[in-house]
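Report on the structure given below.
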Amino acid sequence: MHKVMTTNNLQNYSNKRKCSLQLPAAISSCLIRLGFGTVIHWSSPAIPHLTSSNSKFIINSNEASWVVSLATFGALIGFLLYPLFFNRIGRKYTMLLFAIPQIFSWLTIYYASNVYHLYAARILSGIGYSASYVVDIIYVGEIAEKNIRGFLIVIGKIAYVLGSLIVVILGAFVTYDNMNLILLLISLIFVVTFSFMPESPYFYIKINREEDAFQSLVKLRGTRDTKLLELEIESMKKGIIKTNNSKKILLMKLFSVRSNRKALLICTLGTLSFAFSGSTVIAGHAQTIIGYIDTPLKPEQATVLIMIIVLISSIIISPIPDLLGRRILTFLYGILVGLSSFTIGGFFFYKYYFNGQLSSIYWIPFVALLIYIVGSSSGLLSLSQIQVAELLSIEIKSSASSINNILWSIVDFFLQLSFGYLVSVFKIYGVFWLYGIVTLIITLSNYIIMPETKGKTLEEIQELLEEM
């Protein structure tokens, strides 16, 4: 009876919220993910400028590959650094701390007088945004009530795509220097707005500052109902105690328990399917690649159009995993990305090997490229994040997620760095064929071994993994 009353009280409490800071805090923190999208896609408009005569200094194709890839190298450092801070100084101040390299990265790009300044700036941006990106996901999950948590997570995903759209729009319609100043402004807006947001109550409870946790919940929930707030704090304390006890044998459980190994393997394959699809590599060279298609639009205009469609499609297809299921979508997205890669490669092969003109049929490779980007960034990436959220048990989620983030950084760094070399050896069509083959192999392998988790609770999913 007490449990029923507690549930009802919490529901009533949600309905009585007056001035909750959950949504403002989530929106402010999601400027980090918006910024991460700008970093990943910045090189698309930047590289054509930096390799042209309009640049203050001109870089060659090899230097361009380093400029693109070093952000991912910085991300690897960021993924390794953030655990040193977020349980010591808190989620809020960790994100504000890593805003410093973000700001310095844009300032360095703006004042850069040689390519080495760009190298340093890209490493700084990777460190700052990747570390903050992970902490933001943790922060939003900890401040949100369960009935709006999914909505706030969707805001974060949309923010990343919106950041990608913003940078390509800026690249198309403003000067290179003004683009970098506006991107700097986004980081400054984050610092100003997020400084007024509350810390996660979980962090305060973790360091035995229960009164501060209470005051944080007052701001986040928009109420001073002591009884209801104490109920939520007690629930948080139980969860933290359970997690702390689990950490003592965490690594052993991660690799010795069969269901955990299975979950880690599936999540790793999901991460690799997105990485080896070459999505972030193509995003970094989007304008250059679109220039090969002979569209009537300028490459920067075509890139803007593609990113608008990607943003809209990200919103439209977000409910599909709950409608069709995760397993079948893994198969379908893998097929879509693989076939679209083969199609794009085929048209480039026709253009360069037979000296064919694509101007009359440009829409076919253009649509194929659009399907490829949507299938990889909105499809494979979203599914890999869902797999991490659902398949990994609570006790191993943090460590397993870190392994996946680090693995993605390493793979993506070498893919970014080797893009120019692969193009020189296999030509652009061969690179797309290579991406397509590897994506098909990985996604089909994952489809074979993964269970369907649609409509199942986290506990049911763990039981399903144990039975496999």
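Following the order of the structure tokens, first chain is A, next is B, and so on, with residues numbered from 1 inside each chain and ligands from 1 in the order they appear.
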Taking only residues of stretch 338-450 of chain A that have an atom at most 12 Å from an atom of stretch 39-54 of chain A, what is each one's shortest atom pair and its distance in Å to one decimal, using only C-alpha atoms, in chain and number order, as a Markdown table?
| residue | atom | partner | partner_atom | distance |
| --- | --- | --- | --- | --- |
| A:Ser377 | CA | A:Ile40 | CA | 11.8 |
| A:Asp412 | CA | A:Ile40 | CA | 11.2 |
| A:Phe413 | CA | A:Ile40 | CA | 11.8 |
| A:Gln416 | CA | A:Ile40 | CA | 11.0 |
For the selection you just gave me, I'd like the residues written to a file as a compact mmCIF listing (two decimals), in the first residue's frame, keeping C-alpha atoms.
# COMPACT_ATOMS: atom_id res chain seq x y z
CA SER A 377 23.90 9.15 -38.71
CA ASP A 412 37.37 7.08 -36.38
CA PHE A 413 40.74 8.80 -35.95
CA GLN A 416 39.73 10.20 -40.87
Taken to one decimal, the atom CA of A:Gly430-atom CA of A:Phe349 distance is 8.1 Å
How close does each residue of stretch 348-394 of chain A get to stretch 405-410 of chain A, giving the shortest atom pair and distance in Å to one decimal for every residue with an atom at most 12 Å away, counting only C-alpha atoms, sorted by chain and residue number, as JSON lines?
{"residue": "A:Leu381", "atom": "CA", "partner": "A:Trp408", "partner_atom": "CA", "distance": 11.3}
{"residue": "A:Ser384", "atom": "CA", "partner": "A:Asn405", "partner_atom": "CA", "distance": 11.2}
{"residue": "A:Gln385", "atom": "CA", "partner": "A:Asn405", "partner_atom": "CA", "distance": 10.8}
{"residue": "A:Val388", "atom": "CA", "partner": "A:Asn405", "partner_atom": "CA", "distance": 10.8}
Export all heavy atoms of the chosen residues as a PDB file, in the first residue's frame?
ATOM      1  N   LEU A 381      23.770   5.137 -35.892  1.00  0.00           N
ATOM      2  CA  LEU A 381      24.224   5.807 -34.669  1.00  0.00           C
ATOM      3  C   LEU A 381      23.168   5.731 -33.578  1.00  0.00           C
ATOM      4  O   LEU A 381      23.472   5.396 -32.428  1.00  0.00           O
ATOM      5  CB  LEU A 381      24.569   7.271 -34.965  1.00  0.00           C
ATOM      6  CG  LEU A 381      24.978   8.114 -33.749  1.00  0.00           C
ATOM      7  CD1 LEU A 381      26.201   7.527 -33.064  1.00  0.00           C
ATOM      8  CD2 LEU A 381      25.236   9.563 -34.151  1.00  0.00           C
ATOM      9  N   SER A 384      22.947   2.220 -32.176  1.00  0.00           N
ATOM     10  CA  SER A 384      24.077   1.883 -31.312  1.00  0.00           C
ATOM     11  C   SER A 384      23.897   2.501 -29.927  1.00  0.00           C
ATOM     12  O   SER A 384      24.240   1.884 -28.914  1.00  0.00           O
ATOM     13  CB  SER A 384      25.394   2.354 -31.942  1.00  0.00           C
ATOM     14  OG  SER A 384      25.474   3.765 -31.973  1.00  0.00           O
ATOM     15  N   GLN A 385      23.321   3.703 -29.865  1.00  0.00           N
ATOM     16  CA  GLN A 385      23.065   4.342 -28.575  1.00  0.00           C
ATOM     17  C   GLN A 385      21.956   3.633 -27.820  1.00  0.00           C
ATOM     18  O   GLN A 385      22.022   3.476 -26.590  1.00  0.00           O
ATOM     19  CB  GLN A 385      22.717   5.814 -28.793  1.00  0.00           C
ATOM     20  CG  GLN A 385      23.882   6.638 -29.327  1.00  0.00           C
ATOM     21  CD  GLN A 385      23.492   8.050 -29.693  1.00  0.00           C
ATOM     22  OE1 GLN A 385      22.322   8.355 -29.921  1.00  0.00           O
ATOM     23  NE2 GLN A 385      24.474   8.945 -29.750  1.00  0.00           N
ATOM     24  N   VAL A 388      23.400   0.446 -26.258  1.00  0.00           N
ATOM     25  CA  VAL A 388      24.159   0.731 -25.040  1.00  0.00           C
ATOM     26  C   VAL A 388      23.210   0.971 -23.874  1.00  0.00           C
ATOM     27  O   VAL A 388      23.436   0.497 -22.754  1.00  0.00           O
ATOM     28  CB  VAL A 388      25.085   1.951 -25.249  1.00  0.00           C
ATOM     29  CG1 VAL A 388      25.668   2.429 -23.918  1.00  0.00           C
ATOM     30  CG2 VAL A 388      26.211   1.603 -26.216  1.00  0.00           C
TER      31      VAL A 388
END
Enumerate the residues of stretch 2-202 of chain A with a DSSP assignment of alpha helix (DSSP H), computed from the backbone, and present them as number ranges by chain. A: 2-15, 22-29, 31-50, 61-81, 91-97, 99-111, 115-143, 146-173, 176-194, 201-202
Quick one: everything within 12 Å of A:Val168, counting only C-alpha atoms, minus sequence neighbours fewer than 6 positions away in the same chain. Send it as number ranges by chain. A: 37-47, 161-162, 174-176, 179-180, 183, 283-287, 299-308
Nearby residues (only C-alpha atoms) at most 8 Å from A:Phe342, same-chain spacing under 2 positions excluded, as a list in words: Gly338, Leu339, Ser340, Ile344, Gly345, Gly346, Phe432, Trp433 and Gly436 of chain A
Write the residues of the selection above to a file with N, CA and C atoms, as a PDB file, in the first residue's frame.
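Saved the output as selection.pdb:
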ATOM      1  N   GLY A 338      24.826   0.141 -46.848  1.00  0.00           N
ATOM      2  CA  GLY A 338      25.692  -0.619 -47.749  1.00  0.00           C
ATOM      3  C   GLY A 338      25.344  -0.397 -49.213  1.00  0.00           C
ATOM      4  N   LEU A 339      24.061  -0.514 -49.553  1.00  0.00           N
ATOM      5  CA  LEU A 339      23.648  -0.351 -50.952  1.00  0.00           C
ATOM      6  C   LEU A 339      23.831   1.076 -51.448  1.00  0.00           C
ATOM      7  N   SER A 340      23.558   2.059 -50.582  1.00  0.00           N
ATOM      8  CA  SER A 340      23.763   3.451 -51.003  1.00  0.00           C
ATOM      9  C   SER A 340      25.247   3.742 -51.213  1.00  0.00           C
ATOM     10  N   ILE A 344      26.733   5.074 -54.770  1.00  0.00           N
ATOM     11  CA  ILE A 344      27.578   6.267 -54.906  1.00  0.00           C
ATOM     12  C   ILE A 344      28.910   5.899 -55.558  1.00  0.00           C
ATOM     13  N   GLY A 345      29.508   4.819 -55.070  1.00  0.00           N
ATOM     14  CA  GLY A 345      30.770   4.361 -55.644  1.00  0.00           C
ATOM     15  C   GLY A 345      30.641   4.013 -57.117  1.00  0.00           C
ATOM     16  N   GLY A 346      29.509   3.393 -57.477  1.00  0.00           N
ATOM     17  CA  GLY A 346      29.287   3.024 -58.874  1.00  0.00           C
ATOM     18  C   GLY A 346      29.222   4.228 -59.794  1.00  0.00           C
ATOM     19  N   PHE A 432      34.117   4.306 -51.095  1.00  0.00           N
ATOM     20  CA  PHE A 432      32.709   4.083 -50.795  1.00  0.00           C
ATOM     21  C   PHE A 432      32.374   2.589 -50.841  1.00  0.00           C
ATOM     22  N   TRP A 433      32.922   1.862 -51.796  1.00  0.00           N
ATOM     23  CA  TRP A 433      32.688   0.420 -51.841  1.00  0.00           C
ATOM     24  C   TRP A 433      33.250  -0.274 -50.602  1.00  0.00           C
ATOM     25  N   GLY A 436      30.988   0.371 -47.711  1.00  0.00           N
ATOM     26  CA  GLY A 436      29.754  -0.399 -47.857  1.00  0.00           C
ATOM     27  C   GLY A 436      29.936  -1.857 -47.497  1.00  0.00           C
TER      28      GLY A 436
END
Do you have the atom CA of A:Gly278-atom CA of A:Leu415 distance handy? 7.3 Å
Interatomic distance (Å, one decimal) between atom CA of A:Gly78 and atom CA of A:Leu185: 21.6 Å
Find the spatial neighbours of A:Trp66, counting only C-alpha atoms, within a cut-off of 9 Å - ignore same-chain residues fewer than 4 positions away - and output them as a PyMOL selection string. chain A and resi 61-62+70-71+119+416-417
Residue with smallest distance to A:Gly74 - pool A:Leu124, A:Ile109, A:Met468, A:Ile182, counting only C-alpha atoms: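 Result for the nearest residue to A:Gly74: A:Leu124.
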Which residues come within 9 Å of A:Phe86, counting only C-alpha atoms, excluding same-chain residues fewer than 6 positions away, as a list in words?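 Counting only C-alpha atoms, the residues come to Lys92, Tyr93, Thr94, Met95, Val135 and Phe203 of chain A.
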With a distance cut-off of 9 Å and only C-alpha atoms, select the neighbouring residues of A:Ala400, excluding the residue or stretch itself and same-chain residues fewer than 3 positions from it, and output the selection as a count of residues only. 10
Nearest to A:Phe414: which of A:Ile89, A:Val68, A:Leu107, A:Leu165 is it, counting only C-alpha atoms?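 Looking at the shortest contact to A:Phe414, the residue is A:Val68.
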Which is closest to A:Val192 among A:Ala368, A:Leu21, A:Leu96, A:Ile27, if we use only C-alpha atoms?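 Between A:Ala368, A:Leu21, A:Leu96, A:Ile27, the residue approaching A:Val192 most closely is A:Leu96.
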Looking at A:Phe419, A:Ile364, A:Ser105, A:Arg327, which one is nearest to A:Glu452, with distances taken over only C-alpha atoms?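 Ranked by minimum distance to A:Glu452, first place goes to A:Arg327.
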